[in-house]
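Here is the structure we will look at.
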Amino acid sequence: MRRVHPSHKIRQLEDKHRDVTDKARSKVGPARPWRHIRRLRRYARKAPHGRGADRPEILPQKAGIMRVLLLSGLGPANLNFAYLQGSLFGGQPDAHGREALRRSGHPDLDLRRLSFTRSGRSFALLRPRPAAAPHLTTVTLRSILRSCGHDFAAVDLEDVWTGRAVVPPGDFGAVLLSTTYIWNAPLLATAVDWIRSRLPGVRVITGGQFTNLKFMRALNDHTEIFAVVRGDGETALPKTLDALAAGGDLSTVPNLVWRDGPHLRINPVEYVDIDGHPSPGFTGEAPVIPYESMRGCPFDCKFCSFPAASPKWRYKSAEKIRDDWAGYAEVNGAKSIDAMDSTFTIPPTRLRRLLEILPGSGAPPWDAFSRANTINSPQLVEGLREARCAQLHIGFESMNDGTLKRMSKRVSVKQNRRAIELLGDGGMSYHGLFMVGYPGETPEMFQDTMDYLTGDYRGYFSVARFSITDETMPLWQDKEELRIVAQDATDPASPWSHIGMDSDEAARLQKETLDRVRRGNDHAVLDLWQYDYAPRLLPDHDHATNLAVEKCVERLGMAPVDHPDPDAAAEAVRVQLRRLGALGVGLSPVGQELCHDAI
């Protein structure tokens, strides 16, 4: 007979969940604002004790129908926001900030009071982002479940990390746990413990990046996990649920690793034809659509495990992309597309075809990720503009050829520079992603990147500190040569070292670079604080004007951080307000109501 978890044990588990997030926050700063608040708190159910409990039992279901609980969402914390502490972005300024504002003559300054006039109305410059793109994995799983006829309810994993998650009413025959944004064993254990304490006896089926690569470890560590779907789930997941609901045979389900009594069975892997298979559908209005146009990757960058998780590279045709995007605009009212692929602009033949057929198709504006070497001509940049590409995110990584070679990036500094020049000259918005501390990189080698960003770069940028997130990263092939050491090869916040530098040195260089570029380069804008706000702060103006406005807002918001002397900080506030005024942006009176409508 199964025993009931005592209430104090439930509280311990909940405290553990909160502690995981609190520790993450203490290391990396506040977590990104959570988007979902649950209304109810579910009572604790009976549960077996310990990981060695008997094999879980399936709760009764109607014949042929499986009701499942979907757990999917982002990881527990945002790793960048600590950099903004002490600034005017988010929250009340500290004592130094308040004194600087008092001396500036604007003691009540609030960035939310920055405004501009449009058609006789006063609009807030920092308008809330109309809608964030839904989580791609969650959207895909919901679409699969809707199409296969099984009933489901959903819980956002973000609420699991914060302890706010509540089990929806009713019984479930299985829990589907996405591990796409679970990056280490402790996080997986947290999610599985949450399930076990609230839904005892219910089988767990996982899928996604983490258990795709580490399915044997997950099954061995957690008896609650009954099966792992490796790779594509469009066929495997419905067949798994059909078989479980009907008491059928799981041996014919592709991509499944499952428990057959005391044995683990590994079924053959099959790949879905993503060009022939329907793309995920959305219900109702969907202003922002996350989109996946390919799986796998033809490249072998040593800091990335994606190719190992999906070894076969496949991609949708230009015609399918056009039809999908136009359909989302017509059926769901989509206003923008977020192409989530790491390299949307390959293969070049598909990109050229896409630029031919997107104009006039009814497809909305779109953002995408690109490689630098695909941006190789003014004609291509003009084609991107005509096809309504709103912004490209490009992994330049480094401006040192030796570091790029170590990464197996397969681009050169010359190609990086050429792409930046072409995009800048063409008036395209782009976000350059750079990295410090890749194994083998010395501070002297990174100096090339710092100098380029400080002196020549134009556009949005970010600089990430290299982190080791996975023991399957190809960089471990160079472990002996580069003397790579990681305290915990599965924890992004864990210390590491190599022949070039250690994680503390990389963190110092990261902060120094962000400071130098922000303060010294009038044409480079840190892409960090903008997350909560609508893109193109001045929608009726061009990219260059918007970049200039954001630079002023950046320096205004960071004035208390950049100037320890309150008089210097006060003067910086006055200077940036004057510059914003010249660009058509003013500070509205306290109490004036501003328009926050989407433009």
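By convention in this document, the chains of the structure tokens carry letters A, B, ... by their order, each chain's residues are numbered from 1, and ligands are numbered from 1 in the order they are shown.
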Item to complete: Could you give me the residues within region 523-563 of chain A that DSSP places in strand (DSSP E or B), as a VMD selection string?
Response: chain A and resid 524 to 526 533
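When CA of Glu319 (chain A) is paired with CA of His393 (chain A), their separation reads 23.0 Å.
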Worksheet item: Which residues, written as a ChimeraX atom specification, have at least one atom at most 9 Å from region 261-275 of chain A, with only C-alpha atoms counted and residues fewer than 2 positions away on the same chain left out?
Response: /A:55,216,219,230-236,250-259,277-279,293-295,312,314-317,320
N, CA, C and O atoms of the current selection, written as a short mmCIF file (atom, residue, chain, number, x, y, z; two decimals), in the first residue's frame:
data_model
loop_
_atom_site.label_atom_id
_atom_site.label_comp_id
_atom_site.auth_asym_id
_atom_site.auth_seq_id
_atom_site.Cartn_x
_atom_site.Cartn_y
_atom_site.Cartn_z
N ARG A 55 7.54 0.25 -10.05
CA ARG A 55 7.24 0.80 -11.37
C ARG A 55 5.88 1.49 -11.34
O ARG A 55 4.90 0.95 -10.84
N MET A 216 19.73 7.39 -21.50
CA MET A 216 20.03 6.27 -20.61
C MET A 216 20.24 6.76 -19.18
O MET A 216 19.76 6.14 -18.22
N LEU A 219 16.78 7.66 -17.65
CA LEU A 219 16.00 6.48 -17.30
C LEU A 219 16.59 5.75 -16.10
O LEU A 219 15.85 5.23 -15.24
N ARG A 230 13.23 10.23 -28.59
CA ARG A 230 14.45 10.83 -29.13
C ARG A 230 14.14 11.46 -30.49
O ARG A 230 13.53 10.83 -31.35
N GLY A 231 14.55 12.69 -30.67
CA GLY A 231 14.39 13.33 -31.97
C GLY A 231 12.95 13.71 -32.26
O GLY A 231 12.20 14.14 -31.37
N ASP A 232 12.52 13.52 -33.50
CA ASP A 232 11.21 13.99 -33.96
C ASP A 232 10.08 13.32 -33.18
O ASP A 232 10.06 12.11 -32.99
N GLY A 233 9.10 14.15 -32.78
CA GLY A 233 7.99 13.63 -32.00
C GLY A 233 6.67 13.59 -32.73
O GLY A 233 5.68 13.08 -32.18
N GLU A 234 6.62 14.10 -33.97
CA GLU A 234 5.33 14.20 -34.67
C GLU A 234 4.66 12.84 -34.88
O GLU A 234 3.43 12.74 -34.81
N THR A 235 5.45 11.82 -35.14
CA THR A 235 4.90 10.48 -35.29
C THR A 235 5.04 9.67 -34.00
O THR A 235 4.11 8.96 -33.60
N ALA A 236 6.17 9.80 -33.35
CA ALA A 236 6.46 8.97 -32.17
C ALA A 236 5.52 9.25 -31.01
O ALA A 236 5.05 8.31 -30.35
N LEU A 250 4.48 -1.26 -27.89
CA LEU A 250 5.35 -0.08 -28.06
C LEU A 250 6.57 -0.39 -28.91
O LEU A 250 7.31 0.54 -29.26
N SER A 251 6.79 -1.63 -29.26
CA SER A 251 8.02 -1.99 -29.96
C SER A 251 8.07 -1.43 -31.38
O SER A 251 9.15 -1.36 -31.97
N THR A 252 6.93 -1.03 -31.92
CA THR A 252 6.90 -0.51 -33.29
C THR A 252 6.92 1.02 -33.33
O THR A 252 6.86 1.60 -34.42
N VAL A 253 6.97 1.66 -32.18
CA VAL A 253 6.96 3.13 -32.14
C VAL A 253 8.36 3.66 -32.45
O VAL A 253 9.31 3.32 -31.73
N PRO A 254 8.53 4.47 -33.49
CA PRO A 254 9.88 4.97 -33.79
C PRO A 254 10.37 5.94 -32.73
O PRO A 254 9.57 6.61 -32.06
N ASN A 255 11.68 5.99 -32.57
CA ASN A 255 12.36 7.00 -31.74
C ASN A 255 12.13 6.82 -30.24
O ASN A 255 12.48 7.71 -29.46
N LEU A 256 11.56 5.71 -29.82
CA LEU A 256 11.20 5.54 -28.42
C LEU A 256 12.21 4.66 -27.69
O LEU A 256 12.62 3.61 -28.18
N VAL A 257 12.62 5.11 -26.51
CA VAL A 257 13.36 4.28 -25.55
C VAL A 257 12.42 4.09 -24.37
O VAL A 257 11.95 5.06 -23.79
N TRP A 258 12.13 2.84 -23.99
CA TRP A 258 11.05 2.60 -23.03
C TRP A 258 11.34 1.40 -22.14
O TRP A 258 12.19 0.58 -22.44
N ARG A 259 10.60 1.36 -21.04
CA ARG A 259 10.75 0.29 -20.07
C ARG A 259 9.80 -0.86 -20.43
O ARG A 259 8.59 -0.67 -20.53
N HIS A 277 5.39 17.41 -43.94
CA HIS A 277 4.53 17.35 -42.76
C HIS A 277 3.95 18.73 -42.46
O HIS A 277 4.64 19.74 -42.60
N PRO A 278 2.68 18.81 -42.03
CA PRO A 278 2.10 20.12 -41.70
C PRO A 278 2.88 20.81 -40.59
O PRO A 278 3.31 20.18 -39.62
N SER A 279 3.08 22.11 -40.74
CA SER A 279 3.72 22.90 -39.69
C SER A 279 2.73 23.09 -38.54
O SER A 279 1.52 22.94 -38.72
N SER A 293 12.22 26.16 -39.50
CA SER A 293 12.30 25.81 -40.92
C SER A 293 13.27 24.68 -41.20
O SER A 293 13.36 24.22 -42.34
N MET A 294 14.01 24.24 -40.19
CA MET A 294 14.96 23.14 -40.39
C MET A 294 15.23 22.43 -39.09
O MET A 294 14.95 22.95 -38.00
N ARG A 295 15.75 21.22 -39.21
CA ARG A 295 16.23 20.48 -38.05
C ARG A 295 17.63 19.96 -38.35
O ARG A 295 17.93 19.60 -39.48
N LYS A 312 20.58 14.43 -38.57
CA LYS A 312 20.22 14.56 -39.98
C LYS A 312 19.69 15.96 -40.26
O LYS A 312 18.67 16.37 -39.72
N ARG A 314 17.73 18.62 -42.21
CA ARG A 314 16.59 18.69 -43.13
C ARG A 314 16.02 20.11 -43.08
O ARG A 314 16.10 20.77 -42.05
N TYR A 315 15.43 20.53 -44.18
CA TYR A 315 14.87 21.89 -44.17
C TYR A 315 13.64 21.97 -45.07
O TYR A 315 13.47 21.19 -46.00
N LYS A 316 12.77 22.93 -44.74
CA LYS A 316 11.57 23.16 -45.51
C LYS A 316 11.90 23.98 -46.75
O LYS A 316 12.85 24.78 -46.74
N SER A 317 11.11 23.81 -47.78
CA SER A 317 11.32 24.55 -49.02
C SER A 317 10.90 26.00 -48.85
O SER A 317 10.13 26.35 -47.94
N LYS A 320 7.11 26.28 -49.05
CA LYS A 320 6.37 25.91 -47.83
C LYS A 320 6.46 27.04 -46.80
O LYS A 320 5.46 27.37 -46.14
#
Practice prompt. Compile the contact shell of Phe396 (chain A) as a ChimeraX atom specification: residues with an atom at most 7 Å away, counting only C-alpha atoms, same-chain residues fewer than 6 positions apart removed.
Written response: /A:372,416,432-434
Fill in: 7 Å contact set for Ala507 (chain A), only C-alpha atoms, chain neighbours under 4 positions out, as a list in words
Arg465, Ser503 and Lys511 of chain A
Selection above as a file: C-alpha atoms, as a compact mmCIF listing (two decimals), in the first residue's frame:
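As written to disk, result.txt reads:
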# COMPACT_ATOMS: atom_id res chain seq x y z
CA ARG A 465 30.85 34.73 -21.41
CA SER A 503 35.96 31.75 -16.16
CA LYS A 511 32.14 43.36 -18.21
Worksheet entry | Within 12 Å of region 297-311 of chain A using only C-alpha atoms, minus same-chain residues under 6 positions, as a ChimeraX atom specification | /A:180,183,207-215,229-233,255,269-272,341-347,371,395,397,403-411,435,437-439,466-479
Output for the residues just chosen: C-alpha atoms as a compact mmCIF listing (two decimals), in the first residue's frame:
# COMPACT_ATOMS: atom_id res chain seq x y z
CA THR A 180 14.56 21.46 -24.28
CA TRP A 183 20.42 21.74 -19.09
CA GLY A 207 11.69 14.49 -24.97
CA GLY A 208 13.86 17.43 -26.00
CA GLN A 209 17.54 18.29 -26.10
CA PHE A 210 18.67 17.08 -22.66
CA THR A 211 17.09 13.63 -22.57
CA ASN A 212 17.60 13.24 -26.30
CA LEU A 213 21.35 13.20 -25.62
CA LYS A 214 21.24 11.56 -22.16
CA PHE A 215 18.27 9.19 -22.33
CA VAL A 229 11.19 10.19 -27.28
CA ARG A 230 14.45 10.83 -29.13
CA GLY A 231 14.39 13.33 -31.97
CA ASP A 232 11.21 13.99 -33.96
CA GLY A 233 7.99 13.63 -32.00
CA ASN A 255 12.36 7.00 -31.74
CA VAL A 269 15.15 6.19 -35.12
CA GLU A 270 13.09 7.61 -37.98
CA TYR A 271 13.08 11.16 -39.32
CA VAL A 272 10.00 13.17 -40.22
CA ASP A 341 16.60 28.23 -36.64
CA SER A 342 20.25 28.83 -35.81
CA THR A 343 21.04 29.31 -39.52
CA PHE A 344 17.87 30.34 -41.34
CA THR A 345 19.81 31.89 -44.24
CA ILE A 346 21.16 28.55 -45.48
CA PRO A 347 21.18 26.87 -47.89
CA ARG A 371 25.77 33.15 -40.47
CA GLY A 395 26.76 34.79 -34.43
CA GLU A 397 31.49 35.13 -32.03
CA THR A 403 39.68 31.82 -32.17
CA LEU A 404 37.24 31.29 -35.04
CA LYS A 405 39.37 28.39 -36.25
CA ARG A 406 39.41 26.83 -32.77
CA MET A 407 35.60 27.03 -32.77
CA SER A 408 35.38 25.37 -36.20
CA LYS A 409 33.15 28.33 -37.07
CA ARG A 410 34.04 28.18 -40.78
CA VAL A 411 33.94 31.93 -41.22
CA MET A 435 31.73 35.49 -27.10
CA GLY A 437 36.63 32.85 -23.27
CA TYR A 438 36.26 30.07 -25.82
CA PRO A 439 38.88 27.33 -25.07
CA PHE A 466 31.65 31.26 -22.73
CA SER A 467 30.04 28.52 -20.66
CA ILE A 468 30.28 24.75 -20.69
CA THR A 469 26.72 23.46 -20.68
CA ASP A 470 27.07 19.89 -21.84
CA GLU A 471 29.61 17.08 -21.68
CA THR A 472 28.66 16.19 -25.26
CA MET A 473 29.90 19.53 -26.68
CA PRO A 474 32.42 18.80 -29.47
CA LEU A 475 34.99 21.07 -27.79
CA TRP A 476 35.84 18.17 -25.47
CA GLN A 477 37.74 16.68 -28.42
CA ASP A 478 40.38 19.31 -27.59
CA LYS A 479 40.38 18.63 -23.85
Practice prompt. Tell me, as a PyMOL selection string, which residues lie within 9 Å of Ile337 (chain A), counting only C-alpha atoms; anything in the same chain fewer than 5 positions away does not count.
Written response: chain A and resi 133+287-291+325+328+363-368
Create the file for the chosen residues now, containing C-alpha atoms and written as a PDB file, in the first residue's frame.
ATOM      1  CA  ALA A 133       6.690  34.839 -29.227  1.00  0.00           C
ATOM      2  CA  PRO A 287       0.444  38.160 -33.182  1.00  0.00           C
ATOM      3  CA  VAL A 288       3.940  36.619 -32.995  1.00  0.00           C
ATOM      4  CA  ILE A 289       4.638  33.212 -34.536  1.00  0.00           C
ATOM      5  CA  PRO A 290       7.739  31.164 -33.633  1.00  0.00           C
ATOM      6  CA  TYR A 291       8.823  29.178 -36.672  1.00  0.00           C
ATOM      7  CA  TRP A 325       3.789  32.496 -43.127  1.00  0.00           C
ATOM      8  CA  TYR A 328      -0.448  32.487 -40.246  1.00  0.00           C
ATOM      9  CA  ALA A 363       3.764  37.116 -45.262  1.00  0.00           C
ATOM     10  CA  PRO A 364       4.391  39.427 -42.278  1.00  0.00           C
ATOM     11  CA  PRO A 365       7.774  40.911 -41.270  1.00  0.00           C
ATOM     12  CA  TRP A 366      10.241  38.415 -39.847  1.00  0.00           C
ATOM     13  CA  ASP A 367      13.365  38.027 -37.728  1.00  0.00           C
ATOM     14  CA  ALA A 368      15.952  35.296 -38.223  1.00  0.00           C
TER      15      ALA A 368
END
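CA of Val525 (chain A) is found 28.1 Å from CA of Val590 (chain A).
From CA of Pro535 (chain A) back to CA of Ile182 (chain A), the distance works out to 28.7 Å.
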Discussion item. I need the residues in region 371-598 of chain A that are alpha helix (DSSP H) according to DSSP; give them as a VMD selection string.
Written reply: chain A and resid 378 to 386 401 to 407 413 to 425 443 to 455 479 to 482 503 to 520 543 to 557 559 to 562 566 to 582
